[in-house]
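File shown: data.csv (CSV, C-alpha atoms and all ligand atoms).
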chain,number,residue,atom,x,y,z
A,1,LYS,CA,0.0,0.0,0.0
A,2,ARG,CA,1.3,3.5,-0.8
A,3,ARG,CA,1.7,5.8,2.1
A,4,ILE,CA,0.8,9.5,1.8
A,5,GLY,CA,1.9,12.0,4.4
A,6,VAL,CA,0.1,15.2,5.1
A,7,LEU,CA,1.3,18.2,7.1
A,8,THR,CA,0.3,21.8,7.8
A,9,SER,CA,2.9,24.5,7.9
A,10,GLY,CA,3.3,28.2,8.5
A,11,GLY,CA,0.5,30.3,10.1
A,12,ASP,CA,-2.6,28.2,10.8
A,13,ALA,CA,-5.7,28.9,8.8
A,14,PRO,CA,-9.4,27.9,9.2
A,15,GLY,CA,-10.0,25.0,6.9
A,16,MET,CA,-6.6,23.3,7.4
A,17,ASN,CA,-8.4,20.6,9.4
A,18,GLY,CA,-10.9,20.1,6.6
A,19,ALA,CA,-8.0,19.7,4.2
A,20,VAL,CA,-6.2,17.1,6.4
A,21,ARG,CA,-9.5,15.2,6.8
A,22,ALA,CA,-10.1,15.2,3.0
A,23,VAL,CA,-6.5,14.0,2.3
A,24,VAL,CA,-6.7,11.3,4.9
A,25,ARG,CA,-10.1,10.0,3.7
A,26,MET,CA,-9.4,10.2,0.0
A,27,ALA,CA,-6.0,8.4,0.6
A,28,ILE,CA,-7.8,5.6,2.4
A,29,HIS,CA,-10.6,5.6,-0.2
A,30,SER,CA,-7.9,5.2,-2.9
A,31,GLY,CA,-6.4,2.2,-1.2
A,32,CYS,CA,-3.4,4.1,0.4
A,33,GLU,CA,-2.4,4.6,4.0
A,34,ALA,CA,-2.5,8.1,5.4
A,35,TYR,CA,0.1,9.6,7.8
A,36,ALA,CA,-0.2,12.8,9.7
A,37,VAL,CA,3.1,14.7,10.2
A,38,TYR,CA,2.7,16.7,13.4
A,39,GLU,CA,4.1,20.3,13.9
A,40,GLY,CA,4.8,20.9,10.3
A,41,TYR,CA,8.3,20.2,8.9
A,42,GLU,CA,9.5,19.8,12.5
A,43,GLY,CA,7.7,16.5,12.6
A,44,LEU,CA,9.3,15.4,9.4
A,45,VAL,CA,12.8,16.3,10.7
A,46,ASN,CA,12.3,14.7,14.1
A,47,GLY,CA,10.3,11.6,13.0
A,48,GLY,CA,9.3,9.1,15.7
A,49,ASN,CA,5.9,9.8,17.3
A,50,MET,CA,5.6,12.9,15.2
A,51,ILE,CA,4.6,10.9,12.2
A,52,ARG,CA,1.5,8.8,12.8
A,53,GLN,CA,-0.8,6.7,10.8
A,54,VAL,CA,-4.3,8.2,10.7
A,55,HIS,CA,-7.5,6.2,10.1
A,56,TRP,CA,-10.8,7.2,8.7
A,57,GLU,CA,-12.5,7.8,12.1
A,58,ASP,CA,-9.5,9.8,13.5
A,59,VAL,CA,-10.5,12.8,11.5
A,60,ARG,CA,-14.2,12.7,12.4
A,61,GLY,CA,-15.6,16.1,13.3
A,62,TRP,CA,-12.5,18.0,12.0
A,63,LEU,CA,-14.4,20.1,9.4
A,64,SER,CA,-15.7,22.5,12.0
A,65,ARG,CA,-12.6,22.8,14.1
A,66,GLY,CA,-10.4,25.9,13.9
A,67,GLY,CA,-6.6,26.2,13.8
A,68,THR,CA,-4.8,23.0,12.8
A,69,LEU,CA,-5.2,19.9,14.9
A,70,ILE,CA,-1.9,18.4,13.7
A,71,GLY,CA,0.0,21.5,14.7
A,72,SER,CA,2.1,23.9,12.7
A,73,ALA,CA,5.5,25.5,13.1
A,74,ARG,CA,7.8,27.8,11.2
A,75,CYS,CA,10.6,25.3,11.2
A,76,MET,CA,14.2,26.6,10.8
A,77,THR,CA,15.9,23.1,10.7
A,78,PHE,CA,14.1,22.1,7.5
A,79,ARG,CA,15.6,25.2,5.8
A,80,GLU,CA,19.0,23.6,6.2
A,81,ARG,CA,20.1,20.6,4.1
A,82,ALA,CA,21.0,18.7,7.3
A,83,GLY,CA,17.4,19.0,8.4
A,84,ARG,CA,16.1,17.9,5.0
A,85,LEU,CA,18.5,14.9,5.2
A,86,ARG,CA,16.9,13.8,8.5
A,87,ALA,CA,13.4,14.3,7.0
A,88,ALA,CA,14.3,12.2,4.0
A,89,LYS,CA,15.6,9.4,6.2
A,90,ASN,CA,12.4,9.5,8.4
A,91,MET,CA,10.2,9.3,5.3
A,92,VAL,CA,12.0,6.3,3.9
A,93,LEU,CA,12.0,4.5,7.3
A,94,ARG,CA,8.2,5.1,7.5
A,95,GLY,CA,7.7,4.1,3.8
A,96,ILE,CA,6.2,7.5,2.9
A,97,ASP,CA,7.0,8.8,-0.6
A,98,ALA,CA,4.3,11.4,-1.1
A,99,LEU,CA,3.5,14.5,0.8
A,100,VAL,CA,0.6,16.9,0.7
A,101,VAL,CA,1.7,20.2,2.3
A,102,CYS,CA,-0.9,22.8,3.3
A,103,GLY,CA,0.7,26.2,3.9
A,104,GLY,CA,1.7,29.5,2.5
A,105,ASP,CA,4.2,30.2,-0.3
A,106,GLY,CA,7.2,29.8,2.0
A,107,SER,CA,6.1,26.4,3.2
A,108,LEU,CA,5.3,25.2,-0.4
A,109,THR,CA,8.6,26.4,-1.7
A,110,GLY,CA,10.4,24.4,1.0
A,111,ALA,CA,8.5,21.3,-0.2
A,112,ASP,CA,9.5,21.8,-3.8
A,113,VAL,CA,13.2,22.2,-2.8
A,114,PHE,CA,12.9,19.0,-0.9
A,115,ARG,CA,11.5,17.2,-3.9
A,116,ALA,CA,14.3,18.6,-6.2
A,117,GLU,CA,16.9,17.4,-3.8
A,118,TRP,CA,15.3,14.0,-3.1
A,119,PRO,CA,17.6,11.7,-5.2
A,120,GLY,CA,20.7,13.5,-3.9
A,121,LEU,CA,19.5,13.3,-0.3
A,122,LEU,CA,19.0,9.5,-0.7
A,123,GLU,CA,22.4,9.0,-2.2
A,124,GLU,CA,24.0,11.0,0.6
A,125,LEU,CA,22.1,8.9,3.2
A,126,ILE,CA,23.4,5.7,1.5
A,127,LYS,CA,27.0,7.1,1.4
A,128,SER,CA,27.0,8.0,5.0
A,129,GLY,CA,25.7,4.5,5.9
A,130,GLU,CA,22.4,5.8,7.4
A,131,LEU,CA,20.3,3.8,4.9
A,132,THR,CA,21.1,1.0,2.6
A,133,ALA,CA,20.5,1.0,-1.2
A,134,HIS,CA,18.0,-1.8,-0.6
A,135,GLN,CA,16.0,0.3,1.8
A,136,VAL,CA,16.0,3.3,-0.5
A,137,GLU,CA,15.1,1.3,-3.7
A,138,PRO,CA,11.3,1.6,-3.5
A,139,TYR,CA,11.4,5.3,-2.8
A,140,LYS,CA,13.2,6.8,-5.7
A,141,GLN,CA,10.5,9.3,-6.5
A,142,LEU,CA,9.0,11.8,-4.1
A,143,ASN,CA,5.7,13.3,-5.0
A,144,ILE,CA,4.8,16.6,-3.5
A,145,VAL,CA,1.5,18.4,-3.8
A,146,GLY,CA,0.7,21.8,-2.3
A,147,LEU,CA,-2.5,23.2,-0.9
A,148,VAL,CA,-2.6,26.9,-0.1
A,149,GLY,CA,-3.6,27.4,3.5
A,150,SER,CA,-3.4,31.1,4.5
A,151,ILE,CA,-5.8,33.7,5.7
A,152,ASP,CA,-3.9,36.3,3.6
A,153,ASN,CA,-5.1,35.2,0.1
A,154,ASP,CA,-1.7,36.2,-1.1
A,155,MET,CA,-0.9,33.3,-3.5
A,156,SER,CA,-1.0,34.0,-7.2
A,157,GLY,CA,-2.7,31.6,-9.5
A,158,THR,CA,-5.7,30.9,-7.2
A,159,ASP,CA,-8.7,33.0,-6.5
A,160,ALA,CA,-8.9,32.0,-2.8
A,161,THR,CA,-6.6,30.4,-0.3
A,162,ILE,CA,-8.0,28.0,2.3
A,163,GLY,CA,-8.9,30.2,5.3
A,164,CYS,CA,-9.2,33.6,3.7
A,165,TYR,CA,-13.0,33.8,3.6
A,166,SER,CA,-13.3,32.6,7.3
A,167,SER,CA,-10.9,35.4,8.3
A,168,LEU,CA,-12.8,37.9,6.2
A,169,THR,CA,-16.0,37.0,7.9
A,170,ARG,CA,-14.5,37.3,11.3
A,171,ILE,CA,-13.0,40.8,10.4
A,172,CYS,CA,-16.4,42.0,9.1
A,173,ASP,CA,-18.1,40.8,12.3
A,174,ALA,CA,-15.6,42.6,14.3
A,175,ILE,CA,-15.9,45.8,12.3
A,176,ASP,CA,-19.7,45.6,12.6
A,177,ASP,CA,-19.2,45.5,16.4
A,178,VAL,CA,-16.8,48.4,16.3
A,179,PHE,CA,-19.5,50.3,14.3
A,180,ASP,CA,-21.9,50.0,17.1
A,181,THR,CA,-19.6,51.6,19.7
A,182,ALA,CA,-18.4,54.2,17.2
A,183,PHE,CA,-22.0,55.1,16.5
A,184,SER,CA,-22.8,55.4,20.2
A,185,HIS,CA,-20.0,57.9,20.9
A,186,GLN,CA,-19.8,59.5,17.4
A,187,ARG,CA,-16.2,58.3,17.2
A,188,GLY,CA,-13.8,57.4,14.5
A,189,PHE,CA,-12.0,54.0,14.5
A,190,VAL,CA,-8.9,52.9,12.7
A,191,VAL,CA,-9.0,49.2,12.4
A,192,GLU,CA,-5.8,47.3,11.5
A,193,VAL,CA,-6.2,43.9,9.8
A,194,MET,CA,-3.7,41.2,9.0
A,195,GLY,CA,-2.5,40.1,5.5
A,196,ARG,CA,1.3,40.5,5.7
A,197,HIS,CA,2.3,42.1,2.3
A,198,CYS,CA,-1.2,41.5,0.8
A,199,GLY,CA,-4.1,43.9,1.0
A,200,TRP,CA,-6.9,41.4,0.1
A,201,LEU,CA,-8.4,41.1,3.6
A,202,ALA,CA,-8.3,44.9,4.1
A,203,LEU,CA,-9.8,45.7,0.7
A,204,MET,CA,-12.5,43.0,0.9
A,205,SER,CA,-13.5,44.0,4.5
A,206,ALA,CA,-13.6,47.7,3.5
A,207,ILE,CA,-16.0,47.0,0.7
A,208,SER,CA,-18.1,44.6,2.8
A,209,THR,CA,-18.5,47.0,5.7
A,210,GLY,CA,-18.7,50.3,3.8
A,211,ALA,CA,-15.6,51.7,5.4
A,212,ASP,CA,-14.8,55.4,4.8
A,213,TRP,CA,-11.1,55.0,3.8
A,214,LEU,CA,-8.6,52.2,3.2
A,215,PHE,CA,-4.9,51.6,3.1
A,216,ILE,CA,-3.3,48.6,1.3
A,217,PRO,CA,0.3,47.8,0.4
A,218,GLU,CA,-0.2,47.3,-3.3
A,219,MET,CA,-1.8,50.7,-3.9
A,220,PRO,CA,-0.2,53.3,-1.6
A,221,PRO,CA,-2.1,56.6,-1.5
A,222,LYS,CA,-0.9,59.5,-3.5
A,223,ASP,CA,1.1,62.2,-1.8
A,224,GLY,CA,-1.2,64.5,0.0
A,225,TRP,CA,-3.5,61.6,1.0
A,226,GLU,CA,-3.9,63.1,4.5
A,227,ASP,CA,-6.0,66.0,3.0
A,228,GLU,CA,-7.9,63.7,0.7
A,229,MET,CA,-8.8,61.3,3.4
A,230,CYS,CA,-10.0,64.1,5.7
A,231,ASN,CA,-12.0,65.5,2.8
A,232,VAL,CA,-13.7,62.2,2.0
A,233,ILE,CA,-14.5,61.6,5.6
A,234,THR,CA,-16.0,65.1,6.0
A,235,LYS,CA,-17.5,65.0,2.5
A,236,VAL,CA,-16.3,68.5,1.6
A,237,GLY,CA,-13.8,69.7,-1.0
A,238,THR,CA,-11.7,71.7,1.5
A,239,ILE,CA,-10.5,71.5,5.0
A,240,THR,CA,-9.9,75.2,5.6
A,241,CYS,CA,-13.1,76.0,7.4
A,242,PRO,CA,-12.4,79.0,9.7
A,243,LYS,CA,-15.0,78.1,12.3
A,244,SER,CA,-14.8,74.5,12.9
A,245,PRO,CA,-12.4,71.6,12.2
A,246,ILE,CA,-15.4,69.6,11.5
A,247,MET,CA,-16.4,70.5,8.0
A,248,LYS,CA,-19.7,71.5,6.4
A,249,CYS,CA,-21.5,69.0,4.2
A,250,ALA,CA,-20.6,68.8,0.5
A,251,ASN,CA,-24.2,68.9,-0.5
A,252,PRO,CA,-24.8,72.6,-1.4
A,253,LEU,CA,-28.3,72.4,0.1
A,254,CYS,CA,-27.0,71.2,3.4
A,255,ASN,CA,-25.4,73.5,5.9
A,256,GLN,CA,-24.6,70.9,8.5
A,257,ASN,CA,-21.4,69.3,9.6
A,258,ARG,CA,-20.8,65.5,9.5
A,259,LYS,CA,-22.3,64.9,12.9
A,260,GLU,CA,-25.4,67.1,12.2
A,261,ARG,CA,-25.9,65.1,9.0
A,262,GLY,CA,-26.3,62.0,11.1
A,263,LYS,CA,-22.9,60.6,10.3
A,264,ARG,CA,-22.0,59.3,13.7
A,265,ARG,CA,-19.3,56.9,12.9
A,266,THR,CA,-16.1,56.8,10.8
A,267,ILE,CA,-14.1,53.7,10.0
A,268,VAL,CA,-10.7,53.6,8.4
A,269,ILE,CA,-9.2,50.2,7.6
A,270,VAL,CA,-5.5,49.8,7.4
A,271,ALA,CA,-3.7,46.6,6.2
A,272,GLU,CA,-0.8,45.7,8.5
A,273,GLY,CA,1.6,46.0,5.5
A,274,ALA,CA,0.3,49.4,4.4
A,275,GLN,CA,2.8,52.0,3.3
A,276,ASP,CA,3.2,55.2,1.4
A,277,ARG,CA,4.8,55.7,-2.0
A,278,GLN,CA,8.2,56.1,-0.4
A,279,LEU,CA,7.6,52.7,1.2
A,280,ASN,CA,7.3,54.1,4.7
A,281,LYS,CA,4.9,52.2,6.9
A,282,ILE,CA,1.5,53.9,7.5
A,283,SER,CA,0.5,52.9,11.0
A,284,SER,CA,-2.9,53.0,12.6
A,285,SER,CA,-1.6,55.5,15.2
A,286,THR,CA,-0.5,57.9,12.5
A,287,ILE,CA,-3.9,57.8,11.0
A,288,LYS,CA,-5.6,58.2,14.4
A,289,ASP,CA,-3.5,61.3,15.1
A,290,ILE,CA,-4.5,62.8,11.7
A,291,LEU,CA,-8.2,62.3,12.3
A,292,THR,CA,-7.9,63.6,15.8
A,293,GLN,CA,-5.9,66.7,15.1
A,294,ARG,CA,-7.3,67.7,11.7
A,295,LEU,CA,-10.9,66.8,12.2
A,296,GLY,CA,-11.3,67.0,15.9
A,297,LEU,CA,-12.7,63.5,15.6
A,298,ASP,CA,-12.5,61.4,18.8
A,299,THR,CA,-10.7,58.4,17.4
A,300,ARG,CA,-9.6,55.0,18.7
A,301,THR,CA,-7.5,52.3,17.1
A,302,THR,CA,-8.3,48.6,17.1
A,303,VAL,CA,-5.8,46.0,16.1
A,304,LEU,CA,-7.8,42.8,15.4
A,305,GLY,CA,-4.7,40.5,15.8
A,306,HIS,CA,-5.0,36.8,15.9
A,307,THR,CA,-8.8,36.7,16.4
A,308,GLN,CA,-8.7,37.0,12.6
A,309,ARG,CA,-7.0,33.6,12.3
A,310,GLY,CA,-8.6,31.4,14.9
A,311,GLY,CA,-12.1,30.0,15.1
A,312,ALA,CA,-14.2,27.7,13.0
A,313,ALA,CA,-14.0,27.7,9.2
A,314,CYS,CA,-16.8,29.2,7.3
A,315,ALA,CA,-18.9,27.1,4.9
A,316,TYR,CA,-16.8,28.2,1.9
A,317,ASP,CA,-13.5,27.1,3.5
A,318,ARG,CA,-15.0,23.8,4.5
A,319,TRP,CA,-16.1,23.2,1.0
A,320,LEU,CA,-12.9,24.5,-0.6
A,321,SER,CA,-10.6,22.5,1.7
A,322,THR,CA,-12.5,19.3,1.1
A,323,LEU,CA,-12.5,19.5,-2.7
A,324,GLN,CA,-8.9,20.6,-2.8
A,325,GLY,CA,-7.8,17.8,-0.4
A,326,VAL,CA,-9.5,15.2,-2.6
A,327,GLU,CA,-7.8,16.7,-5.7
A,328,ALA,CA,-4.4,16.7,-3.9
A,329,VAL,CA,-4.6,12.9,-3.4
A,330,ARG,CA,-5.6,12.4,-7.1
A,331,ALA,CA,-2.7,14.5,-8.1
A,332,VAL,CA,-0.3,12.5,-5.9
A,333,LEU,CA,-1.5,9.3,-7.5
A,334,GLU,CA,-1.2,10.6,-11.1
A,335,MET,CA,2.2,12.2,-10.9
A,336,ASN,CA,5.4,10.9,-12.4
A,337,ALA,CA,9.0,11.8,-12.0
A,338,GLN,CA,8.8,14.4,-14.8
A,339,SER,CA,5.7,16.2,-13.6
A,340,PRO,CA,6.4,19.5,-11.8
A,341,SER,CA,5.0,19.6,-8.3
A,342,PRO,CA,1.5,21.0,-8.5
A,343,VAL,CA,-0.4,23.3,-6.2
A,344,ILE,CA,-4.2,22.8,-6.0
A,345,THR,CA,-5.9,26.1,-6.9
A,346,ILE,CA,-9.4,27.4,-7.6
A,347,ARG,CA,-10.0,29.6,-10.6
A,348,GLU,CA,-13.4,30.8,-11.6
A,349,ASN,CA,-14.9,28.2,-9.3
A,350,LYS,CA,-13.0,25.3,-10.8
A,351,ILE,CA,-10.6,23.2,-8.8
A,352,MET,CA,-7.4,23.0,-10.8
A,353,ARG,CA,-3.7,22.0,-10.6
A,354,THR,CA,-1.1,24.7,-11.3
A,355,PRO,CA,2.7,24.2,-11.4
A,356,LEU,CA,3.7,25.1,-7.8
A,357,MET,CA,6.8,27.1,-8.6
A,358,ASP,CA,4.9,29.2,-11.3
A,359,ALA,CA,2.5,30.3,-8.6
A,360,VAL,CA,5.3,30.9,-6.1
A,361,LYS,CA,7.3,33.0,-8.6
A,362,GLU,CA,4.3,35.1,-9.5
A,363,THR,CA,3.6,35.7,-5.8
A,364,GLN,CA,7.2,36.8,-5.3
A,365,ASP,CA,7.0,39.1,-8.3
A,366,VAL,CA,4.2,41.1,-6.7
A,367,THR,CA,6.3,41.7,-3.6
A,368,GLN,CA,9.2,42.7,-5.9
A,369,LYS,CA,7.0,45.1,-7.9
A,370,ILE,CA,5.9,46.8,-4.6
A,371,HIS,CA,9.5,47.0,-3.6
A,372,ASP,CA,10.3,48.6,-6.9
A,373,LYS,CA,7.4,51.0,-6.4
A,374,ASP,CA,5.8,49.7,-9.6
A,375,PHE,CA,2.4,49.7,-7.9
A,376,ALA,CA,0.3,49.4,-11.2
A,377,ALA,CA,2.2,46.3,-12.1
A,378,ALA,CA,1.7,44.9,-8.5
A,379,MET,CA,-2.1,45.4,-8.8
A,380,THR,CA,-2.2,43.8,-12.3
A,381,LEU,CA,-0.3,40.8,-10.9
A,382,ARG,CA,-2.9,40.6,-8.2
A,383,ASP,CA,-5.6,40.5,-10.9
A,384,ALA,CA,-6.9,43.8,-9.9
A,385,GLU,CA,-7.7,46.7,-12.2
A,386,PHE,CA,-5.4,49.7,-11.4
A,387,LYS,CA,-6.8,53.2,-11.3
A,388,GLU,CA,-5.2,56.2,-9.8
B,1,LIG,O1,0.3,34.7,7.2
B,1,LIG,C1,-0.7,34.7,8.1
B,1,LIG,C2,-0.5,35.8,9.1
B,1,LIG,O2,-1.5,35.8,10.1
B,1,LIG,C3,-0.2,37.2,8.6
B,1,LIG,O3,-1.4,37.8,8.2
B,1,LIG,C4,0.5,37.9,9.7
B,1,LIG,O4,1.3,38.9,9.2
B,1,LIG,C5,1.3,36.7,10.3
B,1,LIG,O5,0.7,35.5,9.8
B,1,LIG,C6,1.5,36.7,11.7
B,1,LIG,O6,2.4,35.7,12.1
B,1,LIG,P1,2.6,35.2,13.6
B,1,LIG,O7,1.3,34.5,14.0
B,1,LIG,O8,3.7,34.3,13.5
B,1,LIG,O9,2.8,36.4,14.4
What would you get if you wrote out this structure as structure tokens?
Amino acid sequence: KRRIGVLTSGGDAPGMNGAVRAVVRMAIHSGCEAYAVYEGYEGLVNGGNMIRQVHWEDVRGWLSRGGTLIGSARCMTFRERAGRLRAAKNMVLRGIDALVVCGGDGSLTGADVFRAEWPGLLEELIKSGELTAHQVEPYKQLNIVGLVGSIDNDMSGTDATIGCYSSLTRICDAIDDVFDTAFSHQRGFVVEVMGRHCGWLALMSAISTGADWLFIPEMPPKDGWEDEMCNVITKVGTITCPKSPIMKCANPLCNQNRKERGKRRTIVIVAEGAQDRQLNKISSSTIKDILTQRLGLDTRTTVLGHTQRGGAACAYDRWLSTLQGVEAVRAVLEMNAQSPSPVITIRENKIMRTPLMDAVKETQDVTQKIHDKDFAAAMTLRDAEFKE
């Protein structure tokens, strides 16, 4: 029987458990044995009890559980060849020659490096006497398949990563809650959301909650954004009112300021990776100070933090992780030595296989374009229309 390993790596994401469940059950359904590798690549490097066979009923009830039940780690040892040698040895000793890795682009790149080195790692293990040629013989080919698990939705080549819609839902719920208290006190709130270098969570939550202003890394605001933000928030074309820092309404028939018009709450969303055109970080406290000082708006900041990452997966992530987990096992069974490692993606609602390193390269290109201050190109690579 073939043995397929599954691990989760990098930041946990809702839906990772659904992915593991689907891989385990599809592997068993296809006549294979399934093995869970605990604590990400650390389990592969350490072996022993950290690699365990998993049966059908072991993953019962996992669809609705948050986080990752087999653990995750940002493993430094696996980044070194010595760590990968130990991992290769453990895999051969356990008879595992296929791995499904659910993680972000860094974790998936690590998996591809491992696959590329595989024959060399085995030869080295034979040379050093740690394994015999006979032991290694059945495991000449290593199959790796990636599943993108990340709340950030920052991987190119796929419309959605496992976890991003759960996180988005949680962010929207939190902003709705903040709205209530903002309304009560007629306050402004600057809400900082996760996403690392990607503005997807910030952009989608801003649209979904009707926020007043937004900052994302891919499209830094034009110079003078402070004035523009204040204008939009007050809805007037100028901020030079002699009487009050709180402006009069833009509507020529209306002579009221924003509070009198009934606008009792203001929400600005800032992605954690937001920056200006000189690539200086735009922080939530900077924005808060601007709103307070220029508009006299009583403003608070809320950093949503890891509540965005924990908790049960939403229906979409349960569905996506299940379909992609099934497809990952199919891909493992259909691969040959020549096939590039695939990553399972979703495009226009279809589950697909994409060459893993193409997707990783395109993802890194976006970061490079931002670094080069070519923001239009970054937005295009993110499949977004760019408009000044
Ligand atoms: O990649 C997921 C993510 O939650 C990012 O949005 C965030 O920048 C990062 O991980 C936080 O990592 P950690 O949990 O290690 O602090």
As a CSV table (one decimal) with C-alpha atoms, in the frame of the given file, please: every protein or nucleic acid residue near ligand LIG 1 (chain B) (cut-off 10 Å, counting all atoms listed in the file).
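File written: selection33.csv
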chain,number,residue,atom,x,y,z
A,10,GLY,CA,3.3,28.2,8.5
A,11,GLY,CA,0.5,30.3,10.1
A,12,ASP,CA,-2.6,28.2,10.8
A,13,ALA,CA,-5.7,28.9,8.8
A,73,ALA,CA,5.5,25.5,13.1
A,74,ARG,CA,7.8,27.8,11.2
A,103,GLY,CA,0.7,26.2,3.9
A,104,GLY,CA,1.7,29.5,2.5
A,105,ASP,CA,4.2,30.2,-0.3
A,106,GLY,CA,7.2,29.8,2.0
A,149,GLY,CA,-3.6,27.4,3.5
A,150,SER,CA,-3.4,31.1,4.5
A,151,ILE,CA,-5.8,33.7,5.7
A,152,ASP,CA,-3.9,36.3,3.6
A,153,ASN,CA,-5.1,35.2,0.1
A,154,ASP,CA,-1.7,36.2,-1.1
A,163,GLY,CA,-8.9,30.2,5.3
A,164,CYS,CA,-9.2,33.6,3.7
A,167,SER,CA,-10.9,35.4,8.3
A,193,VAL,CA,-6.2,43.9,9.8
A,194,MET,CA,-3.7,41.2,9.0
A,195,GLY,CA,-2.5,40.1,5.5
A,196,ARG,CA,1.3,40.5,5.7
A,197,HIS,CA,2.3,42.1,2.3
A,198,CYS,CA,-1.2,41.5,0.8
A,199,GLY,CA,-4.1,43.9,1.0
A,201,LEU,CA,-8.4,41.1,3.6
A,271,ALA,CA,-3.7,46.6,6.2
A,272,GLU,CA,-0.8,45.7,8.5
A,273,GLY,CA,1.6,46.0,5.5
A,305,GLY,CA,-4.7,40.5,15.8
A,306,HIS,CA,-5.0,36.8,15.9
A,307,THR,CA,-8.8,36.7,16.4
A,308,GLN,CA,-8.7,37.0,12.6
A,309,ARG,CA,-7.0,33.6,12.3
A,310,GLY,CA,-8.6,31.4,14.9
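Atom to atom, atom CA of His185 of chain A and atom CA of Lys263 of chain A stand 11.3 Å apart.
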Check which residues of segment 306-332 of chain A sit at most 12 Å from segment 28-39 of chain A using all atoms listed in the file, and return one row each with the closest pair of atoms and their distance in Å to one decimal, ordered by chain and rising number, as JSON lines.
{"residue": "A:Val326", "atom": "CA", "partner": "A:His29", "partner_atom": "CA", "distance": 10.0}
{"residue": "A:Glu327", "atom": "CA", "partner": "A:Ser30", "partner_atom": "CA", "distance": 11.8}
{"residue": "A:Val329", "atom": "CA", "partner": "A:Ser30", "partner_atom": "CA", "distance": 8.4}
{"residue": "A:Arg330", "atom": "CA", "partner": "A:Ser30", "partner_atom": "CA", "distance": 8.6}
{"residue": "A:Ala331", "atom": "CA", "partner": "A:Ser30", "partner_atom": "CA", "distance": 11.9}
{"residue": "A:Val332", "atom": "CA", "partner": "A:Cys32", "partner_atom": "CA", "distance": 10.9}
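Counting all atoms listed in the file and comparing A:Ala27, A:Ala22, A:Leu131, A:Val59, the residue that lies closest to Gly5 of chain A is A:Ala27.
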What lies within 12 Å of Lys140 of chain A using all atoms listed in the file, ignoring chain neighbours under 5 positions off, as a PDB file with C-alpha atoms, in the frame of the given file?
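Below you can see part.pdb, which holds the result:
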ATOM      1  CA  ALA A  88      14.300  12.200   4.000  1.00  0.00           C
ATOM      2  CA  MET A  91      10.200   9.300   5.300  1.00  0.00           C
ATOM      3  CA  VAL A  92      12.000   6.300   3.900  1.00  0.00           C
ATOM      4  CA  GLY A  95       7.700   4.100   3.800  1.00  0.00           C
ATOM      5  CA  ILE A  96       6.200   7.500   2.900  1.00  0.00           C
ATOM      6  CA  ASP A  97       7.000   8.800  -0.600  1.00  0.00           C
ATOM      7  CA  ALA A  98       4.300  11.400  -1.100  1.00  0.00           C
ATOM      8  CA  ARG A 115      11.500  17.200  -3.900  1.00  0.00           C
ATOM      9  CA  ALA A 116      14.300  18.600  -6.200  1.00  0.00           C
ATOM     10  CA  GLU A 117      16.900  17.400  -3.800  1.00  0.00           C
ATOM     11  CA  TRP A 118      15.300  14.000  -3.100  1.00  0.00           C
ATOM     12  CA  PRO A 119      17.600  11.700  -5.200  1.00  0.00           C
ATOM     13  CA  GLY A 120      20.700  13.500  -3.900  1.00  0.00           C
ATOM     14  CA  LEU A 121      19.500  13.300  -0.300  1.00  0.00           C
ATOM     15  CA  LEU A 122      19.000   9.500  -0.700  1.00  0.00           C
ATOM     16  CA  GLU A 123      22.400   9.000  -2.200  1.00  0.00           C
ATOM     17  CA  ALA A 133      20.500   1.000  -1.200  1.00  0.00           C
ATOM     18  CA  HIS A 134      18.000  -1.800  -0.600  1.00  0.00           C
ATOM     19  CA  GLN A 135      16.000   0.300   1.800  1.00  0.00           C
ATOM     20  CA  ASN A 336       5.400  10.900 -12.400  1.00  0.00           C
ATOM     21  CA  ALA A 337       9.000  11.800 -12.000  1.00  0.00           C
TER      22      ALA A 337
END
Segment 289-296 of chain A rebuilt with N, CA and C atoms, output as a tab-separated table (two decimals), in the coordinates of the input:
chain	number	residue	atom	x	y	z
A	289	ASP	N	-3.90	59.94	14.71
A	289	ASP	CA	-3.50	61.30	15.10
A	289	ASP	C	-4.01	62.30	14.03
A	290	ILE	N	-3.98	61.92	12.75
A	290	ILE	CA	-4.50	62.80	11.70
A	290	ILE	C	-5.96	63.12	11.91
A	291	LEU	N	-6.73	62.07	12.15
A	291	LEU	CA	-8.20	62.30	12.30
A	291	LEU	C	-8.48	63.10	13.56
A	292	THR	N	-7.70	62.86	14.59
A	292	THR	CA	-7.90	63.60	15.80
A	292	THR	C	-7.57	65.07	15.67
A	293	GLN	N	-6.35	65.28	15.13
A	293	GLN	CA	-5.90	66.70	15.10
A	293	GLN	C	-6.53	67.50	14.00
A	294	ARG	N	-6.75	66.90	12.81
A	294	ARG	CA	-7.30	67.70	11.70
A	294	ARG	C	-8.80	67.84	11.76
A	295	LEU	N	-9.46	66.77	12.20
A	295	LEU	CA	-10.90	66.80	12.20
A	295	LEU	C	-11.54	66.96	13.55
A	296	GLY	N	-10.72	66.91	14.56
A	296	GLY	CA	-11.30	67.00	15.90
A	296	GLY	C	-12.12	65.76	16.21
